[in-house]
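Data file: target28.txt. Format and content: compact mmCIF, C-alpha atoms.
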```
# COMPACT_ATOMS: atom_id res chain seq x y z
CA MET J 88 0.00 0.00 0.00
CA LYS J 89 1.07 3.62 -0.58
CA LEU J 90 1.15 4.74 3.02
CA ASP J 91 3.74 7.52 2.88
CA GLY J 92 2.02 10.54 4.35
CA TYR J 93 -0.60 8.44 6.13
CA PRO J 94 1.08 7.56 9.45
CA SER J 95 -2.11 6.74 11.32
CA VAL J 96 -3.38 4.41 8.59
CA SER J 97 0.05 2.80 8.46
CA LEU J 98 0.06 2.21 12.22
CA PHE J 99 -3.51 0.92 12.07
CA GLY J 100 -2.56 -1.51 9.29
CA ASP J 101 0.37 -2.84 11.32
CA LEU J 102 -1.81 -3.39 14.37
CA LEU J 103 -4.56 -5.02 12.32
CA ARG J 104 -2.09 -7.35 10.60
CA ARG J 105 -0.58 -8.34 13.95
CA GLN J 106 -3.88 -9.12 15.67
CA PHE J 107 -5.98 -10.28 12.73
CA PRO J 108 -3.75 -11.20 9.78
CA TYR J 109 -6.75 -12.48 7.81
CA PHE J 110 -8.37 -9.00 7.93
CA ALA J 111 -5.30 -7.21 6.58
CA GLY J 112 -6.42 -7.67 2.95
CA VAL J 113 -9.41 -5.44 3.61
CA MET J 114 -7.14 -2.38 3.69
CA GLN J 115 -5.70 -3.15 0.26
CA LYS J 116 -9.16 -3.76 -1.20
CA GLN J 117 -10.40 -0.41 0.09
CA GLU J 118 -7.36 1.40 -1.29
CA ASP J 119 -7.74 -0.36 -4.64
CA SER J 120 -11.42 0.60 -4.79
CA PHE J 121 -11.35 4.13 -3.41
CA GLY J 122 -7.71 5.31 -3.69
CA ASP J 123 -6.29 8.42 -2.06
CA HIS J 124 -9.76 9.70 -1.17
CA TRP J 125 -10.21 6.76 1.20
CA LEU J 126 -6.72 7.09 2.62
CA GLU J 127 -7.18 10.80 3.32
CA LEU J 128 -10.52 10.37 5.08
CA PHE J 129 -9.33 7.39 7.11
CA GLU J 130 -6.13 9.20 8.11
CA THR J 131 -8.10 12.25 9.26
CA GLU J 132 -10.44 10.11 11.37
CA LEU J 133 -7.70 8.06 12.98
CA LYS J 134 -5.51 11.10 13.62
CA SER J 135 -8.36 13.16 15.11
CA PHE J 136 -9.90 10.47 17.27
CA PHE J 137 -6.95 8.31 18.28
CA GLU J 138 -4.14 10.92 18.13
CA TYR J 139 -1.41 8.36 17.44
CA ASP J 140 -2.24 6.70 20.79
CA LYS J 141 -1.05 3.20 20.02
CA GLN J 142 -2.77 1.64 23.02
CA ARG J 143 -6.17 3.15 22.20
CA LEU J 144 -5.76 2.23 18.56
CA ASP J 145 -4.78 -1.31 19.49
CA GLN J 146 -7.92 -1.62 21.65
CA ALA J 147 -10.03 -0.29 18.79
CA VAL J 148 -8.47 -2.82 16.41
CA ARG J 149 -9.35 -5.58 18.85
CA GLY J 150 -12.89 -4.23 19.14
CA TYR J 151 -13.23 -4.08 15.38
CA GLY J 152 -11.89 -7.61 15.01
CA LYS J 153 -14.35 -9.00 17.54
CA PHE J 154 -17.23 -7.05 16.01
CA ALA J 155 -16.40 -8.26 12.50
CA LEU J 156 -15.87 -11.88 13.57
CA ASP J 157 -19.16 -11.82 15.46
CA SER J 158 -21.03 -10.48 12.42
CA MET J 159 -19.39 -12.86 9.97
CA LYS J 160 -20.09 -15.90 12.11
CA LEU J 161 -23.74 -14.89 12.34
CA GLN J 162 -23.75 -14.42 8.56
CA VAL J 163 -22.69 -18.04 8.07
CA LYS J 164 -25.52 -19.19 10.32
CA PHE J 165 -27.94 -16.85 8.50
CA GLN J 166 -26.98 -18.46 5.19
CA LYS J 167 -28.55 -21.67 6.48
CA THR J 168 -31.53 -20.41 8.49
CA LYS J 169 -32.40 -17.31 6.41
CA GLU J 170 -33.64 -15.80 9.66
CA TYR J 171 -32.16 -13.56 12.35
CA GLU J 172 -31.91 -14.99 15.84
CA ASN J 173 -35.20 -14.38 17.59
CA LYS J 174 -34.64 -11.48 19.97
CA THR J 175 -36.76 -8.73 21.52
CA TYR J 176 -35.66 -5.13 21.63
CA GLU J 177 -35.34 -5.37 25.42
CA GLU J 178 -32.99 -8.35 25.07
CA ALA J 179 -30.87 -6.54 22.47
CA ALA J 180 -30.76 -3.40 24.59
CA SER J 181 -29.63 -5.32 27.64
CA GLU J 182 -27.04 -7.31 25.69
CA VAL J 183 -25.72 -4.38 23.64
CA TYR J 184 -26.88 -0.76 24.07
CA GLN J 185 -26.98 -0.67 27.87
CA ASN J 186 -23.89 -2.86 28.24
CA LYS J 187 -21.08 -0.34 28.72
CA GLU J 188 -18.29 -2.88 28.40
CA TYR J 189 -19.68 -4.38 25.19
CA MET J 190 -20.37 -0.95 23.72
CA PHE J 191 -16.94 0.55 24.38
CA ASP J 192 -14.80 -2.57 23.95
CA LEU J 193 -16.37 -3.96 20.82
CA TYR J 194 -19.48 -2.38 19.35
CA LEU J 195 -18.62 1.32 19.06
CA PRO J 196 -15.01 0.99 17.87
CA GLY J 197 -16.17 -1.77 15.55
CA ILE J 198 -18.85 0.35 13.91
CA LEU J 199 -16.67 3.47 13.73
CA LEU J 200 -13.90 1.61 11.91
CA SER J 201 -16.40 -0.21 9.71
CA HIS J 202 -17.27 3.14 8.11
CA TYR J 203 -13.84 2.96 6.50
CA LEU J 204 -13.15 -0.77 6.31
CA TRP J 205 -16.45 -2.12 5.02
CA ARG J 206 -17.14 -1.50 1.35
CA HIS J 207 -20.88 -0.90 1.74
CA HIS J 208 -20.38 1.46 4.67
CA PHE J 209 -17.83 3.54 2.78
CA LEU J 210 -20.11 3.64 -0.26
CA GLN J 211 -22.89 4.94 1.98
CA HIS J 212 -20.48 7.63 3.17
CA ILE J 213 -19.75 8.58 -0.45
CA PHE J 214 -23.49 8.74 -1.16
CA PHE J 215 -23.88 11.05 1.85
CA MET J 216 -21.12 13.35 0.59
CA GLU J 217 -22.01 13.36 -3.10
CA LYS J 218 -25.80 13.29 -2.98
CA PHE J 219 -27.02 14.41 0.43
CA LEU J 220 -24.59 17.20 1.33
CA PRO J 221 -25.27 19.20 -1.87
CA LEU J 222 -28.93 19.39 -0.79
CA VAL J 223 -27.87 20.68 2.61
CA LYS J 224 -25.37 23.22 1.21
CA ASN J 225 -23.66 25.04 4.09
CA GLY J 226 -26.71 24.75 6.32
CA ASP J 227 -26.42 28.28 7.77
CA GLY J 228 -28.94 28.75 10.56
CA LYS J 229 -30.43 25.32 10.02
CA VAL J 230 -30.76 22.39 12.43
CA PHE J 231 -30.46 18.66 11.88
CA TYR J 232 -31.61 15.76 14.01
CA ASP J 233 -29.68 12.49 14.14
CA ILE J 234 -31.93 9.78 15.52
CA GLY J 235 -30.02 6.72 16.69
CA VAL J 236 -26.57 8.31 16.74
CA GLY J 237 -24.56 5.09 17.09
CA THR J 238 -20.93 6.19 17.24
CA GLY J 239 -21.78 9.77 16.24
CA PHE J 240 -20.11 9.32 12.87
CA TYR J 241 -22.78 10.99 10.74
CA SER J 242 -23.45 13.76 13.29
CA LYS J 243 -19.74 14.48 13.09
CA GLU J 244 -19.88 14.47 9.30
CA MET J 245 -22.74 16.99 9.26
CA LEU J 246 -21.08 19.28 11.79
CA THR J 247 -17.63 19.23 10.20
CA ARG J 248 -18.93 19.75 6.64
CA THR J 249 -21.63 22.38 7.28
CA ASN J 250 -22.35 25.27 9.64
CA MET J 251 -25.46 23.62 11.06
CA LYS J 252 -26.37 22.89 14.65
CA GLY J 253 -27.39 19.37 15.50
CA LYS J 254 -29.36 17.38 18.03
CA GLY J 255 -28.72 13.70 18.60
CA PHE J 256 -31.28 11.27 20.01
CA ASP J 257 -30.51 7.81 21.30
CA LEU J 258 -31.61 5.30 23.92
CA SER J 259 -28.05 4.37 24.82
CA PRO J 260 -26.14 6.70 27.15
CA HIS J 261 -22.97 5.01 25.91
CA SER J 262 -23.69 5.93 22.28
CA LEU J 263 -24.30 9.53 23.29
CA ALA J 264 -21.09 9.60 25.35
CA HIS J 265 -19.12 8.18 22.43
CA THR J 266 -20.70 10.71 20.09
CA LEU J 267 -19.65 13.63 22.30
CA LYS J 268 -16.13 12.21 22.49
CA LEU J 269 -15.96 11.95 18.69
CA LEU J 270 -17.38 15.44 18.18
CA SER J 271 -14.94 16.89 20.71
CA ALA J 272 -12.05 15.24 18.88
CA HIS J 273 -13.19 17.07 15.74
CA ASN J 274 -13.82 20.32 17.65
CA VAL J 275 -17.52 20.55 16.78
CA SER J 276 -19.25 19.51 20.02
CA ASP J 277 -20.26 23.12 20.80
CA ARG J 278 -22.89 22.99 18.03
CA TYR J 279 -24.48 19.77 19.27
CA GLU J 280 -27.01 18.72 21.86
CA PRO J 281 -27.25 15.04 22.89
CA ASN J 282 -30.62 13.73 24.11
CA LEU J 283 -31.31 10.43 25.87
CA ARG J 284 -34.82 10.06 24.54
CA ASP J 285 -37.30 7.66 22.94
CA ILE J 286 -38.80 9.65 20.07
CA ILE J 287 -41.90 7.46 19.92
CA LYS J 288 -42.77 7.88 23.59
CA GLU J 289 -41.64 11.51 23.68
CA PRO J 290 -42.21 13.07 20.23
CA VAL J 291 -39.74 15.79 19.30
CA THR J 292 -40.90 19.26 18.23
CA PRO J 293 -40.33 21.45 16.34
CA SER J 294 -39.47 19.53 13.21
CA ALA J 295 -35.95 19.87 11.79
CA ASP J 296 -34.59 21.02 8.44
CA TYR J 297 -32.65 17.79 7.97
CA LEU J 298 -32.79 14.29 9.42
CA LEU J 299 -30.26 11.51 9.73
CA ASN J 300 -31.33 7.99 10.59
CA ILE J 301 -28.50 5.65 9.76
CA GLU J 302 -28.94 1.90 10.12
CA VAL J 303 -31.43 2.08 12.95
CA LEU J 304 -34.54 0.44 11.46
CA GLU J 305 -33.20 -3.13 11.61
CA HIS J 306 -32.62 -2.69 15.35
CA LEU J 307 -36.34 -2.23 16.03
CA GLU J 308 -39.24 -4.62 16.50
CA ASP J 309 -41.66 -2.26 14.73
CA PRO J 310 -39.81 0.06 12.34
CA GLN J 311 -43.05 1.26 10.73
CA THR J 312 -44.28 2.88 13.96
CA PHE J 313 -40.84 4.44 14.40
CA LEU J 314 -40.86 5.80 10.83
CA ASN J 315 -44.34 7.27 11.34
CA SER J 316 -42.91 9.31 14.24
CA LEU J 317 -39.74 10.11 12.33
CA ALA J 318 -41.67 11.59 9.39
CA LYS J 319 -43.20 14.19 11.72
CA MET J 320 -39.71 15.34 12.74
CA LEU J 321 -38.82 16.57 9.24
CA LYS J 322 -39.96 19.99 8.01
CA PRO J 323 -41.72 20.14 4.65
CA GLY J 324 -39.02 21.20 2.20
CA GLY J 325 -36.29 19.49 4.20
CA TYR J 326 -34.42 16.30 3.46
CA GLY J 327 -33.53 13.18 5.38
CA LEU J 328 -30.99 10.42 4.91
CA ILE J 329 -32.38 7.10 6.09
CA SER J 330 -30.56 3.81 5.71
CA ALA J 331 -31.07 0.20 6.71
CA ALA J 332 -29.17 -3.08 6.73
CA ILE J 333 -30.54 -5.93 4.64
CA ASN J 334 -29.73 -9.62 5.14
CA ALA J 335 -27.13 -8.56 7.70
CA PRO J 336 -27.36 -10.42 11.01
CA ASN J 337 -25.78 -8.85 14.05
CA ALA J 338 -26.07 -9.25 17.80
CA ASP J 339 -28.70 -6.49 17.87
CA HIS J 340 -30.43 -6.81 14.51
CA ILE J 341 -34.05 -7.76 15.10
CA TYR J 342 -36.12 -6.77 12.05
CA LEU J 343 -35.10 -8.67 8.93
CA TYR J 344 -35.32 -6.70 5.71
CA ARG J 345 -34.85 -9.09 2.79
CA ASN J 346 -34.64 -6.44 0.06
CA PRO J 347 -34.54 -2.64 -0.42
CA ASP J 348 -38.16 -2.54 -1.60
CA GLU J 349 -39.38 -3.49 1.87
CA VAL J 350 -37.61 -0.42 3.31
CA ALA J 351 -38.93 1.81 0.51
CA ALA J 352 -42.49 0.65 1.15
CA GLN J 353 -42.28 1.50 4.85
CA LEU J 354 -40.79 4.93 4.13
CA THR J 355 -43.55 5.75 1.66
CA LYS J 356 -46.24 4.54 4.05
CA ALA J 357 -44.78 6.78 6.77
CA GLY J 358 -45.20 9.84 4.54
CA PHE J 359 -41.76 10.23 3.01
CA GLU J 360 -41.16 10.94 -0.64
CA LEU J 361 -38.18 9.00 -2.02
CA VAL J 362 -35.73 11.33 -3.75
CA ASP J 363 -32.65 9.19 -4.36
CA SER J 364 -31.12 5.93 -3.16
CA THR J 365 -28.09 3.68 -3.21
CA VAL J 366 -27.91 -0.08 -2.69
CA ASP J 367 -24.49 -1.48 -1.83
CA ALA J 368 -23.32 -4.99 -0.98
CA ALA J 369 -20.54 -5.69 1.51
CA TYR J 370 -18.86 -8.03 -0.95
CA ALA J 371 -19.67 -10.13 -3.99
CA PRO J 372 -21.36 -13.47 -3.22
CA ARG J 373 -18.91 -16.34 -3.54
CA LEU J 374 -21.56 -18.84 -4.55
CA GLU J 375 -24.78 -18.34 -6.44
CA GLY J 376 -27.58 -17.82 -3.97
CA ASP J 377 -25.32 -16.66 -1.14
CA LEU J 378 -26.91 -13.90 0.91
CA VAL J 379 -24.47 -11.09 1.56
CA PRO J 380 -25.00 -8.03 3.79
CA VAL J 381 -26.43 -5.12 1.85
CA ASN J 382 -26.98 -1.52 2.83
CA VAL J 383 -29.69 0.67 1.35
CA ALA J 384 -29.74 4.42 1.89
CA PHE J 385 -32.55 6.75 0.80
CA ILE J 386 -32.64 10.50 0.55
CA VAL J 387 -36.18 11.40 1.50
CA ALA J 388 -38.34 14.49 1.61
CA ARG J 389 -41.53 14.95 3.54
CA LYS J 390 -44.66 14.85 1.46
CA GLU J 391 -46.74 17.97 1.77
CA ASP J 392 -49.56 17.44 4.28
CA GLU J 393 -52.73 16.48 2.48
CA MET E 115 2.97 -30.54 19.72
CA TYR E 116 -0.65 -31.57 19.27
CA GLN E 117 0.35 -33.57 16.19
CA ASN E 118 -2.87 -35.59 16.40
CA ILE E 119 -4.85 -32.39 16.24
CA LEU E 120 -2.81 -31.02 13.35
CA ASP E 121 -3.31 -34.28 11.45
CA SER E 122 -7.03 -34.20 12.15
CA ILE E 123 -7.60 -30.60 11.04
CA THR E 124 -5.29 -30.68 7.99
CA PRO E 125 -8.04 -31.86 5.58
CA VAL E 126 -10.25 -28.96 6.69
CA PHE E 127 -7.50 -26.41 6.02
CA ARG E 128 -6.68 -27.99 2.65
CA ASP E 129 -10.33 -27.96 1.64
CA VAL E 130 -11.06 -24.38 2.77
CA PHE E 131 -7.92 -22.96 1.17
CA ASP E 132 -8.23 -25.21 -1.86
CA ASP E 133 -4.64 -26.42 -1.49
CA PRO E 134 -4.24 -30.24 -1.36
CA SER E 135 -0.53 -29.96 -0.55
CA LEU E 136 -0.85 -27.56 2.38
CA ILE E 137 1.31 -28.64 5.33
CA LEU E 138 0.23 -27.35 8.72
CA THR E 139 2.82 -26.02 11.14
CA ASN E 140 2.17 -24.14 14.36
CA GLU E 141 3.51 -20.92 12.85
CA LEU E 142 1.44 -21.03 9.65
CA SER E 143 -0.84 -17.98 9.42
CA ALA E 144 -2.78 -15.82 6.98
CA ASN E 145 0.52 -14.13 6.15
CA ASP E 146 1.66 -17.40 4.53
CA VAL E 147 -1.46 -18.64 2.74
CA GLU E 148 -2.61 -16.61 -0.23
CA ASN E 149 -6.36 -17.00 0.11
CA TRP E 150 -6.55 -17.01 3.91
CA ASP E 151 -8.79 -13.95 4.01
CA SER E 152 -11.58 -13.06 6.41
CA LEU E 153 -14.31 -15.00 4.60
CA ASN E 154 -12.20 -18.15 4.40
CA HIS E 155 -11.19 -17.66 8.03
CA ILE E 156 -14.83 -17.78 9.11
CA THR E 157 -15.47 -20.78 6.87
CA LEU E 158 -12.49 -22.46 8.53
CA ILE E 159 -13.91 -21.82 11.99
CA VAL E 160 -17.34 -23.11 11.07
CA GLU E 161 -15.84 -26.27 9.50
CA LEU E 162 -13.62 -26.86 12.53
CA GLU E 163 -16.63 -26.49 14.82
CA ALA E 164 -18.42 -29.09 12.71
CA LEU E 165 -15.41 -31.43 12.82
CA THR E 166 -14.83 -31.18 16.55
CA GLY E 167 -18.36 -30.65 17.82
CA LEU E 168 -17.09 -27.63 19.75
CA THR E 169 -18.44 -24.08 19.75
CA LEU E 170 -15.83 -21.34 19.61
CA SER E 171 -16.83 -18.02 21.15
CA THR E 172 -15.87 -14.63 19.74
CA ASP E 173 -13.59 -14.05 22.74
CA GLU E 174 -11.77 -17.25 21.81
CA LEU E 175 -11.69 -16.44 18.09
CA VAL E 176 -9.88 -13.12 18.55
CA ASN E 177 -6.82 -14.92 19.85
CA LEU E 178 -6.44 -17.23 16.84
CA LYS E 179 -3.56 -15.85 14.80
CA ASN E 180 -1.95 -19.03 13.49
CA VAL E 181 -2.41 -22.79 13.26
CA GLY E 182 -0.71 -23.33 16.63
CA ASP E 183 -3.34 -21.09 18.28
CA PHE E 184 -6.11 -23.18 16.70
CA ALA E 185 -4.54 -26.42 17.93
CA GLN E 186 -3.98 -25.03 21.42
CA LEU E 187 -7.56 -23.79 21.70
CA LEU E 188 -9.03 -27.08 20.49
CA ALA E 189 -6.80 -28.98 22.95
CA ASP E 190 -7.81 -26.66 25.80
CA LYS E 191 -11.45 -27.40 25.00
CA GLY E 192 -10.85 -31.15 25.16
CA TYR E 193 -10.37 -32.09 21.52
CA ARG E 194 -7.70 -34.73 21.04
CA GLY E 195 -7.76 -35.21 17.28
```
If you convert what's in this file into structure tokens, what do you get?
Amino acid sequence: MKLDGYPSVSLFGDLLRRQFPYFAGVMQKQEDSFGDHWLELFETELKSFFEYDKQRLDQAVRGYGKFALDSMKLQVKFQKTKEYENKTYEEAASEVYQNKEYMFDLYLPGILLSHYLWRHHFLQHIFFMEKFLPLVKNGDGKVFYDIGVGTGFYSKEMLTRTNMKGKGFDLSPHSLAHTLKLLSAHNVSDRYEPNLRDIIKEPVTPSADYLLNIEVLEHLEDPQTFLNSLAKMLKPGGYGLISAAINAPNADHIYLYRNPDEVAAQLTKAGFELVDSTVDAAYAPRLEGDLVPVNVAFIVARKEDE
Amino acid sequence: MYQNILDSITPVFRDVFDDPSLILTNELSANDVENWDSLNHITLIVELEALTGLTLSTDELVNLKNVGDFAQLLADKGYRG
């Protein structure tokens, strides 16, 4: 790899190769596919968030490795059963979102790094930059809501690439804490307000100019009810970016979407107009009929009230 | 060391990596085998679980860096080859 000028990516690659030699090829594939653009973005993230701290980076590599192994093993099982493991939201919350050790050791570093190391996650990021951000422009005086902040990655992207203010909503205090840490590392936390809040039980008003809802729907038992509430949070004339994982088992994935059309149908029923979309697979199926994880992302607008 | 185990798991490695002449040593790792990537690594684990009847947890999987680690883990979990 051409890593001159990318010291953080170089260090990350060394640590990844040492702990998980079978994952090392992922770096080369990403560079081959996305070139210097990928290297520059990954370097900025690693440098800002990990600050050349080898111990923190090493822990994050371990978290990523565990997260990826966990997901891939579930994918093999899913190939046979074609179903996610039966789990309620409360069970997933207890096992994952409210479990501080699991969240900080494995889940959050795993997801943050997956934005750069997983093909479909990086393609979603490109879609955000090339298709969604031009609609937002510089966002002067506008506000966005990020519902289900996860690591805070997309809140950070909005704040660092526009002049907007943002509000994040999540049910996990650990996700919100991680988000603030990420935003502080990028010096944008002063334009952000984190909220520990269930938007179905406590609807949010007023509605926002822009919405982010990234890979949340598959974590819910009833995404349609959630989307019905979400639609009311977007101002007419505004835009939202809503994505979902398809055929992608994980420790906390409950609702199984089998194709992008199922997501589109729920969005439309909730009152969103579909403006644009991208559908990206994690990797090419090795055998015909293999189910591979897919990500679908929609840019949506709110239909005018009838 | 754990030669019985190495002998027992060799066919699985050869099959997964599509290399009938592959010789297992404790030090052999993904750095030495061309198509030992993440997908084949998971396939390897699933096939070894099927062979041994054992279930390997994620906490155990993260420590598997080479063939010797596989053999040690299987031995620790009672597999004798």
Report task. Would you please work out which residue, of J:Glu188, J:Lys169, J:Leu378, J:Gly324, is nearest to J:Leu343 when using only C-alpha atoms? Result -> J:Lys169
Applying 12 Å and only C-alpha atoms, which residues near E:Asp129 remain after dropping the ones on its own chain fewer than 4 positions away? List them as a short mmCIF file (atom, residue, chain, number, x, y, z; two decimals) with C-alpha atoms, in the coordinates of the input.
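Output file out19.cif follows:
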```cif
data_model
loop_
_atom_site.label_atom_id
_atom_site.label_comp_id
_atom_site.auth_asym_id
_atom_site.auth_seq_id
_atom_site.Cartn_x
_atom_site.Cartn_y
_atom_site.Cartn_z
CA ILE E 123 -7.60 -30.60 11.04
CA THR E 124 -5.29 -30.68 7.99
CA PRO E 125 -8.04 -31.86 5.58
CA ASP E 133 -4.64 -26.42 -1.49
CA PRO E 134 -4.24 -30.24 -1.36
CA SER E 135 -0.53 -29.96 -0.55
CA LEU E 136 -0.85 -27.56 2.38
CA ASN E 149 -6.36 -17.00 0.11
CA TRP E 150 -6.55 -17.01 3.91
CA ASN E 154 -12.20 -18.15 4.40
CA THR E 157 -15.47 -20.78 6.87
CA LEU E 158 -12.49 -22.46 8.53
CA GLU E 161 -15.84 -26.27 9.50
CA LEU E 162 -13.62 -26.86 12.53
#
```
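Near chain J, within 10 Å and counting only C-alpha atoms, the residues of chain E are Ser143, Ala144, Asn145, Asp146, Val147, Glu148, Asn149, Trp150, Asp151, Ser152, Leu153, Asn154, His155, Ile156, Thr157, Ile159, Val160, Ser171, Thr172, Asp173, Glu174, Leu175, Val176, Asn177, Leu178, Lys179 and Asn180 of chain E.
Between atom CA of J:Lys254 and atom CA of J:Arg278 the separation is 8.6 Å.
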**Report entry** Selected residue, from E:Glu163, E:Asp121, E:Glu141, E:Asp132, that lies nearest to E:Arg194 when counting only C-alpha atoms
**Finding:** E:Asp121
Query - Exercise: J:Ser330 partners within 10 Å, all atoms listed in the file, chain neighbours under 4 positions left out, as a PyMOL selection string - result: chain J and resi 211+299-305+347+350+364-366+382-386
